[in-house]
>>> print(open('entry35.txt').read())   # compact mmCIF, C-alpha atoms
# COMPACT_ATOMS: atom_id res chain seq x y z
CA MET A 184 67.92 10.91 140.61
CA HIS A 185 64.22 11.83 140.55
CA ASP A 186 63.38 8.20 139.68
CA THR A 187 63.98 7.17 143.29
CA LEU A 188 61.50 9.76 144.53
CA LEU A 189 58.86 8.89 141.90
CA ALA A 190 59.20 5.18 142.73
CA TYR A 191 58.89 6.01 146.44
CA ILE A 192 55.68 8.00 145.88
CA ASN A 193 54.18 5.28 143.68
CA GLN A 194 55.00 2.71 146.37
CA HIS A 195 53.13 4.71 148.99
CA THR A 196 49.88 5.44 147.20
CA THR A 197 47.14 3.43 145.50
CA SER A 198 46.79 5.44 142.26
CA PRO A 199 50.04 5.68 140.24
CA LEU A 200 51.30 9.12 139.15
CA THR A 201 50.37 10.34 135.67
CA ARG A 202 53.04 11.68 133.27
CA GLU A 203 51.93 15.27 134.00
CA GLU A 204 52.13 14.71 137.74
CA GLU A 205 55.61 13.19 137.40
CA ALA A 206 56.72 16.22 135.38
CA LEU A 207 55.38 18.57 138.06
CA ILE A 208 57.20 16.69 140.81
CA ILE A 209 60.47 16.68 138.82
CA ALA A 210 60.13 20.43 138.24
CA THR A 211 59.49 21.03 141.97
CA PHE A 212 62.30 19.02 143.57
CA HIS A 213 65.84 20.22 143.08
CA PRO A 214 68.98 18.09 143.54
CA LYS A 215 71.27 19.10 146.38
CA LYS A 216 74.58 17.55 147.39
CA LEU A 217 76.01 17.79 150.87
CA ARG A 218 79.53 16.73 151.80
CA LYS A 219 80.03 14.88 155.06
CA LYS A 220 79.61 17.33 158.00
CA GLN A 221 78.00 20.00 155.80
CA TYR A 222 74.86 21.59 157.29
CA PHE A 223 71.36 21.27 155.90
CA LEU A 224 70.11 23.48 158.75
CA GLN A 225 71.76 25.36 161.61
CA GLU A 226 70.29 26.27 165.00
CA GLY A 227 68.66 29.71 164.89
CA ASP A 228 67.85 29.55 161.16
CA VAL A 229 64.35 29.02 159.82
CA CYS A 230 64.09 25.65 158.04
CA LYS A 231 63.05 26.50 154.48
CA TYR A 232 63.32 23.10 152.83
CA VAL A 233 62.09 19.57 153.05
CA GLY A 234 64.57 17.02 151.72
CA PHE A 235 64.17 13.47 150.40
CA ILE A 236 67.38 11.46 150.83
CA VAL A 237 68.36 9.64 147.63
CA LYS A 238 71.79 8.57 148.93
CA GLY A 239 73.62 9.12 152.20
CA ALA A 240 72.98 9.49 155.92
CA MET A 241 72.09 12.52 158.04
CA ARG A 242 71.45 13.46 161.64
CA GLN A 243 69.35 16.05 163.46
CA TYR A 244 70.45 17.15 166.92
CA SER A 245 70.28 19.83 169.56
CA VAL A 246 73.34 21.13 171.36
CA ASP A 247 73.00 21.88 175.07
CA ASP A 248 74.68 24.59 177.20
CA LYS A 249 77.67 22.34 177.75
CA GLY A 250 78.14 21.75 174.02
CA VAL A 251 76.85 18.17 174.16
CA GLU A 252 74.96 16.99 171.05
CA HIS A 253 71.64 15.16 171.50
CA MET A 254 70.42 13.15 168.48
CA VAL A 255 66.71 13.73 167.93
CA GLN A 256 66.70 11.91 164.61
CA LEU A 257 68.90 9.83 162.33
CA TYR A 258 68.14 9.56 158.63
CA ILE A 259 69.16 7.32 155.72
CA GLU A 260 67.99 6.73 152.13
CA ASN A 261 64.25 7.18 151.43
CA TRP A 262 63.74 9.25 154.57
CA TRP A 263 62.32 12.77 154.58
CA VAL A 264 64.42 15.30 156.43
CA SER A 265 63.27 18.65 157.83
CA ASP A 266 62.69 20.48 161.10
CA ARG A 267 58.95 20.45 160.91
CA GLU A 268 58.42 22.85 163.80
CA SER A 269 60.59 25.53 162.23
CA ALA A 270 59.32 24.89 158.68
CA VAL A 271 55.63 25.04 159.62
CA MET A 272 55.75 27.77 162.29
CA LEU A 273 58.48 29.80 160.52
CA THR A 274 60.38 30.00 163.82
CA PRO A 275 64.17 29.74 164.33
CA SER A 276 65.15 26.10 164.64
CA ARG A 277 66.39 24.54 167.89
CA TYR A 278 68.30 21.97 165.86
CA TYR A 279 71.22 21.33 163.58
CA ILE A 280 70.77 18.97 160.65
CA ASP A 281 73.93 17.82 158.87
CA ALA A 282 75.26 15.11 156.59
CA TRP A 283 76.89 12.18 158.36
CA GLU A 284 78.01 10.73 155.01
CA ASP A 285 78.30 12.45 151.62
CA THR A 286 74.61 12.85 150.79
CA GLU A 287 72.39 13.44 147.75
CA LEU A 288 69.02 15.00 148.38
CA LEU A 289 66.03 16.24 146.46
CA ILE A 290 64.75 19.39 148.11
CA ALA A 291 61.60 21.49 147.85
CA THR A 292 60.29 24.45 149.83
CA VAL A 293 57.48 23.85 152.30
CA ALA A 294 55.19 26.06 150.17
CA ASP A 295 55.98 23.93 147.09
CA MET A 296 55.24 20.76 149.07
CA MET A 297 51.84 22.17 150.13
CA ASP A 298 51.15 23.08 146.52
CA LEU A 299 51.91 19.52 145.36
CA MET A 300 49.62 18.11 148.10
CA GLU A 301 46.75 20.18 146.71
CA LYS A 302 47.45 19.50 143.04
CA ILE A 303 48.40 15.82 143.13
CA SER A 304 46.08 13.56 145.06
CA SER A 305 48.66 10.72 145.25
CA PHE A 306 51.21 13.13 146.69
CA GLY A 307 48.70 14.28 149.32
CA LYS A 308 48.00 10.65 150.24
CA MET A 309 51.70 9.86 150.44
CA THR A 310 52.34 12.78 152.81
CA ARG A 311 49.40 11.74 154.99
CA LEU A 312 50.79 8.21 155.19
CA MET A 313 54.20 9.69 156.02
CA ASP A 314 52.58 11.80 158.78
CA ASN A 315 50.90 8.73 160.19
CA ARG A 316 54.11 6.71 160.22
CA ASN A 317 55.95 9.59 161.74
CA ALA A 318 53.37 10.00 164.48
CA ILE A 319 53.41 6.25 165.16
CA ALA A 320 57.20 6.08 165.30
CA SER A 321 57.35 9.09 167.68
CA GLN A 322 54.72 7.57 169.93
CA ARG A 323 56.59 4.25 170.07
CA ARG A 324 59.90 5.94 170.75
CA LEU A 325 58.39 8.08 173.52
CA ASN A 326 56.71 5.08 175.09
CA SER A 327 59.94 3.11 174.90
CA THR A 328 61.93 5.99 176.39
CA ILE A 329 59.68 6.54 179.40
CA SER A 330 58.78 2.86 180.02
CA ASN A 331 61.73 0.65 179.14
CA THR A 332 65.14 -0.15 180.53
CA ALA A 333 68.16 0.85 178.43
CA GLU A 334 68.59 -2.83 177.43
CA LYS A 335 65.04 -3.09 176.10
CA ARG A 336 65.34 0.26 174.29
CA TYR A 337 68.46 -0.88 172.48
CA GLU A 338 66.79 -4.19 171.60
CA GLU A 339 63.76 -2.38 170.12
CA PHE A 340 66.03 -0.01 168.25
CA THR A 341 68.01 -2.83 166.60
CA ASP A 342 64.73 -4.60 165.71
CA ASN A 343 63.19 -1.46 164.19
CA HIS A 344 66.29 0.01 162.54
CA PRO A 345 68.78 -2.78 161.73
CA GLN A 346 70.35 -0.60 158.98
CA PHE A 347 71.10 2.21 161.43
CA ILE A 348 73.49 -0.03 163.36
CA GLN A 349 75.62 -0.36 160.19
CA ARG A 350 75.53 3.31 159.28
CA PHE A 351 75.96 5.22 162.54
CA PRO A 352 78.62 4.87 165.23
CA GLN A 353 77.88 3.81 168.81
CA HIS A 354 78.04 7.27 170.31
CA LEU A 355 75.31 8.62 167.98
CA ILE A 356 73.06 5.65 168.69
CA ALA A 357 73.61 6.05 172.45
CA SER A 358 72.65 9.72 172.14
CA PHE A 359 69.56 8.83 170.07
CA LEU A 360 68.49 6.41 172.82
CA GLY A 361 69.21 8.95 175.56
CA ILE A 362 71.78 6.72 177.27
CA THR A 363 75.53 7.05 177.85
CA LYS A 364 78.15 5.50 175.57
CA GLU A 365 79.30 3.41 178.54
CA THR A 366 75.82 2.00 179.14
CA LEU A 367 75.44 1.14 175.45
CA SER A 368 78.83 -0.54 175.41
CA ARG A 369 77.90 -2.64 178.48
CA ILE A 370 74.56 -3.64 176.88
CA ARG A 371 76.26 -4.69 173.65
CA LYS A 372 78.79 -6.82 175.50
CA GLN A 373 76.02 -8.54 177.45
CA ALA A 374 73.99 -9.12 174.26
CA MET A 375 76.99 -10.77 172.58
CA LYS A 376 77.43 -13.26 175.43
CA MET B 62 27.70 19.75 172.89
CA HIS B 63 28.61 19.90 169.19
CA ASP B 64 29.00 23.68 169.45
CA THR B 65 32.36 23.23 171.19
CA LEU B 66 33.65 21.08 168.32
CA LEU B 67 32.32 23.44 165.62
CA ALA B 68 33.92 26.42 167.38
CA TYR B 69 37.19 24.49 167.66
CA ILE B 70 37.22 23.68 163.93
CA ASN B 71 36.38 27.27 162.99
CA GLN B 72 39.22 28.48 165.24
CA HIS B 73 41.70 26.26 163.42
CA THR B 74 40.92 27.04 159.81
CA THR B 75 40.77 30.13 157.62
CA SER B 76 37.43 29.50 155.86
CA PRO B 77 34.49 29.15 158.28
CA LEU B 78 32.21 26.09 158.02
CA THR B 79 29.02 26.40 155.96
CA ARG B 80 25.63 25.32 157.39
CA GLU B 81 25.74 22.11 155.32
CA GLU B 82 29.25 21.29 156.54
CA GLU B 83 28.18 21.90 160.15
CA ALA B 84 25.22 19.56 159.68
CA LEU B 85 27.51 16.86 158.25
CA ILE B 86 29.90 17.16 161.20
CA ILE B 87 27.04 17.02 163.71
CA ALA B 88 25.67 13.91 161.98
CA THR B 89 29.12 12.26 162.06
CA PHE B 90 30.19 12.83 165.68
CA HIS B 91 28.26 11.00 168.39
CA PRO B 92 28.22 11.99 172.07
CA LYS B 93 29.80 9.51 174.48
CA LYS B 94 30.05 9.75 178.27
CA LEU B 95 32.69 7.97 180.27
CA ARG B 96 32.67 7.73 184.05
CA LYS B 97 35.95 8.17 185.88
CA LYS B 98 38.13 5.05 185.35
CA GLN B 99 35.97 3.79 182.47
CA TYR B 100 37.93 2.63 179.41
CA PHE B 101 37.89 4.29 175.99
CA LEU B 102 40.34 1.63 174.76
CA GLN B 103 41.94 -1.47 176.29
CA GLU B 104 45.26 -3.07 175.40
CA GLY B 105 44.82 -5.73 172.72
CA ASP B 106 41.72 -4.13 171.18
CA VAL B 107 41.76 -2.28 167.86
CA CYS B 108 41.08 1.44 168.35
CA LYS B 109 37.95 2.15 166.31
CA TYR B 110 37.24 5.71 167.35
CA VAL B 111 38.74 9.15 167.48
CA GLY B 112 37.35 11.28 170.29
CA PHE B 113 37.18 15.03 170.85
CA ILE B 114 37.05 15.89 174.56
CA VAL B 115 34.29 18.40 175.35
CA LYS B 116 34.62 18.06 179.14
CA GLY B 117 36.88 15.98 181.35
CA ALA B 118 40.38 14.53 181.48
CA MET B 119 41.82 11.29 180.14
CA ARG B 120 45.07 9.36 180.06
CA GLN B 121 46.76 6.92 177.69
CA TYR B 122 49.28 4.46 179.11
CA SER B 123 51.05 1.19 178.63
CA VAL B 124 51.37 -1.39 181.39
CA ASP B 125 54.66 -3.26 181.68
CA ASP B 126 55.35 -6.86 182.77
CA LYS B 127 55.49 -5.77 186.41
CA GLY B 128 52.08 -4.07 186.17
CA VAL B 129 53.54 -0.55 186.24
CA GLU B 130 51.61 2.07 184.22
CA HIS B 131 53.58 4.42 181.91
CA MET B 132 51.72 7.56 180.80
CA VAL B 133 52.28 8.17 177.08
CA GLN B 134 49.72 10.95 176.94
CA LEU B 135 47.46 13.05 179.14
CA TYR B 136 44.40 14.77 177.68
CA ILE B 137 41.97 17.53 178.71
CA GLU B 138 39.23 19.58 177.03
CA ASN B 139 39.71 20.36 173.30
CA TRP B 140 42.21 17.54 172.84
CA TRP B 141 41.77 14.71 170.36
CA VAL B 142 42.14 11.25 171.83
CA SER B 143 42.94 8.05 169.95
CA ASP B 144 45.64 5.42 169.56
CA ARG B 145 46.70 6.44 166.09
CA GLU B 146 48.90 3.44 165.48
CA SER B 147 46.09 0.98 166.18
CA ALA B 148 43.43 3.10 164.42
CA VAL B 149 45.44 3.57 161.23
CA MET B 150 47.14 0.16 161.03
CA LEU B 151 44.13 -1.76 162.41
CA THR B 152 46.46 -3.55 164.82
CA PRO B 153 45.75 -4.44 168.49
CA SER B 154 46.65 -1.51 170.70
CA ARG B 155 49.60 -1.51 173.11
CA TYR B 156 47.79 1.02 175.27
CA TYR B 157 44.93 1.64 177.63
CA ILE B 158 43.00 4.89 177.34
CA ASP B 159 40.64 5.73 180.21
CA ALA B 160 38.81 8.65 181.80
CA TRP B 161 40.65 10.27 184.70
CA GLU B 162 37.60 12.45 185.44
CA ASP B 163 33.98 11.99 184.34
CA THR B 164 34.32 12.83 180.67
CA GLU B 165 32.12 13.89 177.76
CA LEU B 166 33.39 13.12 174.27
CA LEU B 167 32.29 13.40 170.69
CA ILE B 168 33.40 10.31 168.82
CA ALA B 169 33.67 9.30 165.17
CA THR B 170 35.13 6.27 163.42
CA VAL B 171 38.46 6.69 161.64
CA ALA B 172 36.70 6.00 158.31
CA ASP B 173 34.17 8.78 159.04
CA MET B 174 37.03 11.17 159.91
CA MET B 175 38.73 10.38 156.58
CA ASP B 176 35.44 10.97 154.81
CA LEU B 177 35.06 14.40 156.45
CA MET B 178 38.64 15.31 155.47
CA GLU B 179 37.79 14.64 151.83
CA LYS B 180 34.37 16.32 151.85
CA ILE B 181 35.08 19.39 153.99
CA SER B 182 38.17 21.37 153.09
CA SER B 183 38.24 23.21 156.46
CA PHE B 184 38.10 19.90 158.28
CA GLY B 185 41.03 18.61 156.21
CA LYS B 186 43.01 21.75 157.02
CA MET B 187 42.21 21.47 160.71
CA THR B 188 43.41 17.85 160.83
CA ARG B 189 46.61 18.78 159.00
CA LEU B 190 47.24 21.55 161.53
CA MET B 191 46.50 19.06 164.32
CA ASP B 192 49.00 16.62 162.75
CA ASN B 193 51.62 19.34 162.61
CA ARG B 194 51.11 20.35 166.23
CA ASN B 195 51.17 16.75 167.27
CA ALA B 196 54.42 16.11 165.41
CA ILE B 197 55.97 19.25 166.88
CA ALA B 198 54.91 18.39 170.43
CA SER B 199 56.25 14.83 170.07
CA GLN B 200 59.57 16.10 168.72
CA ARG B 201 59.91 18.57 171.59
CA ARG B 202 59.03 15.97 174.18
CA LEU B 203 61.50 13.47 172.69
CA ASN B 204 64.24 16.08 172.55
CA SER B 205 63.53 17.10 176.13
CA THR B 206 63.49 13.47 177.30
CA ILE B 207 66.83 12.53 175.75
CA SER B 208 68.61 15.88 176.34
CA ASN B 209 67.43 17.43 179.58
CA THR B 210 67.78 16.79 183.27
CA ALA B 211 64.64 15.85 185.21
CA GLU B 212 64.55 19.42 186.64
CA LYS B 213 64.54 21.00 183.18
CA ARG B 214 61.94 18.53 181.89
CA TYR B 215 59.57 19.39 184.73
CA GLU B 216 60.13 23.11 184.13
CA GLU B 217 59.32 22.73 180.40
CA PHE B 218 56.28 20.66 181.24
CA THR B 219 54.87 23.27 183.63
CA ASP B 220 55.54 26.01 181.04
CA ASN B 221 53.87 24.08 178.21
CA HIS B 222 51.00 22.53 180.16
CA PRO B 223 50.15 24.69 183.19
CA GLN B 224 46.59 23.27 183.24
CA PHE B 225 47.85 19.69 183.54
CA ILE B 226 49.40 20.46 186.92
CA GLN B 227 45.92 21.30 188.25
CA ARG B 228 44.19 18.32 186.71
CA PHE B 229 46.52 15.38 187.19
CA PRO B 230 48.21 14.09 190.36
CA GLN B 231 51.97 14.01 190.87
CA HIS B 232 52.43 10.32 190.16
CA LEU B 233 50.84 10.59 186.69
CA ILE B 234 52.98 13.60 185.82
CA ALA B 235 56.12 11.81 187.03
CA SER B 236 55.22 8.85 184.84
CA PHE B 237 54.57 11.14 181.84
CA LEU B 238 58.02 12.66 182.33
CA GLY B 239 59.64 9.24 182.75
CA ILE B 240 60.94 10.02 186.25
CA THR B 241 60.16 8.55 189.68
CA LYS B 242 57.63 10.09 192.08
CA GLU B 243 60.48 10.66 194.53
CA THR B 244 62.52 12.63 191.96
CA LEU B 245 59.50 14.77 191.07
CA SER B 246 58.79 15.43 194.73
CA ARG B 247 62.40 16.54 195.29
CA ILE B 248 62.30 18.83 192.22
CA ARG B 249 59.06 20.45 193.39
CA LYS B 250 60.48 21.10 196.84
CA GLN B 251 63.57 22.73 195.34
CA ALA B 252 61.45 24.84 192.95
CA MET B 253 59.35 26.14 195.86
CA LYS B 254 62.41 27.34 197.76
>>> encode(input="entry35.txt", output="structure tokens")
Amino acid sequence: MHDTLLAYINQHTTSPLTREEEALIIATFHPKKLRKKQYFLQEGDVCKYVGFIVKGAMRQYSVDDKGVEHMVQLYIENWWVSDRESAVMLTPSRYYIDAWEDTELLIATVADMMDLMEKISSFGKMTRLMDNRNAIASQRRLNSTISNTAEKRYEEFTDNHPQFIQRFPQHLIASFLGITKETLSRIRKQAMK
Amino acid sequence: MHDTLLAYINQHTTSPLTREEEALIIATFHPKKLRKKQYFLQEGDVCKYVGFIVKGAMRQYSVDDKGVEHMVQLYIENWWVSDRESAVMLTPSRYYIDAWEDTELLIATVADMMDLMEKISSFGKMTRLMDNRNAIASQRRLNSTISNTAEKRYEEFTDNHPQFIQRFPQHLIASFLGITKETLSRIRKQAMK
């Protein structure tokens, strides 16, 4: 199970991990299984862990006053899952994170992650790359959300995340895009013509 | 002019900068003045610099096929300005960044910033903190954009960025929130009642 994580780190850095570094990473990350619908984090709790998804699919969402869920993030294999705001600021989370499919994770505490960043230069580089990608993806999504029509947003989404279309149902994707199910359904019918 | 930057770094780290570190930072960051409307970056160019705003206000926006500007970010004093995607990936930018007021910046190349992160531990910590804040702000803005009504989004915006209301006109704020000028005008009238 740790092999996936080690391969991921080696893919995202220039200097491969040494045996000692691999051992330290294996000792730091613990396997965790979640059944479909089981929570990784619940609103109001402080997010203590960062997870690396080895197998499965997850979602992060807020729930408004009317009980409607709003998808802030969808996750599949090789994605890192956490509520960064809560984990870094040690504040109660605004979000729920749960498993959409039966999921296998490797988890570490935020403090352990920081420790690895200091001790293992490749790990530090990988997290910086991850931060950059994250920042870039957020910027693109924000720009798309404020600038584009629903049609264009869906088109960009399918281009950027073709796997997500297979893994998540329409109503979650509509929520992720900030549009109604009905609008998404209309767009998909038009696109198929 | 560099004093503002040094004070900012010292505010955002636990170990204060040494004299040598201060000298290295001063040697790395160059002053740059922009007149109102002057570009820091134009669409299609690669973003070479990261800027720290000492005085002034700036905006980052995309322009769609119809020539409409969409504000992805607004900036004032003590904010870092850059198109991270272009700067990190060395790809042509999708955005314009220009001065909304006469602006004084301290600029450094991305390579020089990376160099400082390696050489000065406090600088590395400050940039990591900056990354965290950035990620948190993006997450909040995304969540607000997909989940909230226009009224609630404007309310959150005024709570989070009271200074922005003084510095930027209505139409830029409406664009930042992804709503029309007319909607913003209606919300403001209701809020004043």
>>> residues_around(input="entry35.txt", residues="Val255 of chain A", least_positions_apart="3", cutoff="8 Å", atoms="only C-alpha atoms", output="list in words")
Arg242, Gln243, Tyr244, Ser245 and Phe359 of chain A; Gln200, Leu203, Asn204 and Ile207 of chain B
>>> interface_residues(input="entry35.txt", of="chain B", to="chain A", cutoff="8 Å", atoms="all atoms listed in the file", output="list in words")
Ser123, Asp125, His131, Met132, Val133, Arg145, Glu146, Val149, Asp192, Asn193, Asn195, Ala196, Ile197, Ser199, Gln200, Arg202, Leu203, Asn204, Thr206, Ile207, Ser208, Ser236, Phe237, Leu238, Gly239 and Ile240 of chain B
>>> closest_residue(input="entry35.txt", among="B:Lys180, B:Lys98, B:Lys242, B:Arg249", to="Tyr215 of chain B", atoms="only C-alpha atoms")
B:Arg249
>>> atom_distance(input="entry35.txt", atom1="atom CA of Phe347 of chain A", atom2="atom CA of Ser368 of chain A")
16.2 Å
>>> atom_distance(input="entry35.txt", atom1="atom CA of Glu203 of chain A", atom2="atom CA of Phe306 of chain A")
12.9 Å
>>> closest_residue(input="entry35.txt", among="A:Thr332, A:Thr274, A:Thr286, A:Gln373", to="Gly234 of chain A", atoms="all atoms listed in the file")
A:Thr286
>>> atom_distance(input="entry35.txt", atom1="atom CA of Asn71 of chain B", atom2="atom CA of Glu179 of chain B")
16.9 Å
>>> residues_around(input="entry35.txt", residues="His185 of chain A", least_positions_apart="6", cutoff="12 Å", atoms="all atoms listed in the file", output="PDB file with C-alpha atoms, in the coordinates of the input")
ATOM      1  CA  TYR A 191      58.890   6.010 146.440  1.00  0.00           C
ATOM      2  CA  ILE A 192      55.680   8.000 145.880  1.00  0.00           C
ATOM      3  CA  GLU A 205      55.610  13.190 137.400  1.00  0.00           C
ATOM      4  CA  ALA A 206      56.720  16.220 135.380  1.00  0.00           C
ATOM      5  CA  LEU A 207      55.380  18.570 138.060  1.00  0.00           C
ATOM      6  CA  ILE A 208      57.200  16.690 140.810  1.00  0.00           C
ATOM      7  CA  ILE A 209      60.470  16.680 138.820  1.00  0.00           C
ATOM      8  CA  ALA A 210      60.130  20.430 138.240  1.00  0.00           C
ATOM      9  CA  THR A 211      59.490  21.030 141.970  1.00  0.00           C
ATOM     10  CA  PHE A 212      62.300  19.020 143.570  1.00  0.00           C
ATOM     11  CA  HIS A 213      65.840  20.220 143.080  1.00  0.00           C
ATOM     12  CA  PRO A 214      68.980  18.090 143.540  1.00  0.00           C
ATOM     13  CA  LYS A 215      71.270  19.100 146.380  1.00  0.00           C
ATOM     14  CA  PHE A 235      64.170  13.470 150.400  1.00  0.00           C
ATOM     15  CA  ILE A 236      67.380  11.460 150.830  1.00  0.00           C
ATOM     16  CA  VAL A 237      68.360   9.640 147.630  1.00  0.00           C
ATOM     17  CA  LYS A 238      71.790   8.570 148.930  1.00  0.00           C
ATOM     18  CA  ASN A 261      64.250   7.180 151.430  1.00  0.00           C
ATOM     19  CA  GLU A 287      72.390  13.440 147.750  1.00  0.00           C
ATOM     20  CA  LEU A 288      69.020  15.000 148.380  1.00  0.00           C
ATOM     21  CA  LEU A 289      66.030  16.240 146.460  1.00  0.00           C
ATOM     22  CA  ILE A 290      64.750  19.390 148.110  1.00  0.00           C
TER      23      ILE A 290
END
>>> axis_aligned_box(input="entry35.txt", around="segment 235-251 of chain B", padding_each_side="8 Å", output="lines of an AutoDock Vina configuration file")
center_x = 59.1
center_y = 15.6
center_z = 189.3
size_x = 25.0
size_y = 30.2
size_z = 31.0
>>> closest_residue(input="entry35.txt", among="A:Ala374, A:Leu217, A:Pro199, A:Ala240", to="Gln349 of chain A", atoms="only C-alpha atoms")
A:Ala240
>>> closest_residue(input="entry35.txt", among="A:Leu189, A:Tyr258, A:Lys249, A:Met241", to="Trp283 of chain A", atoms="only C-alpha atoms")
A:Met241
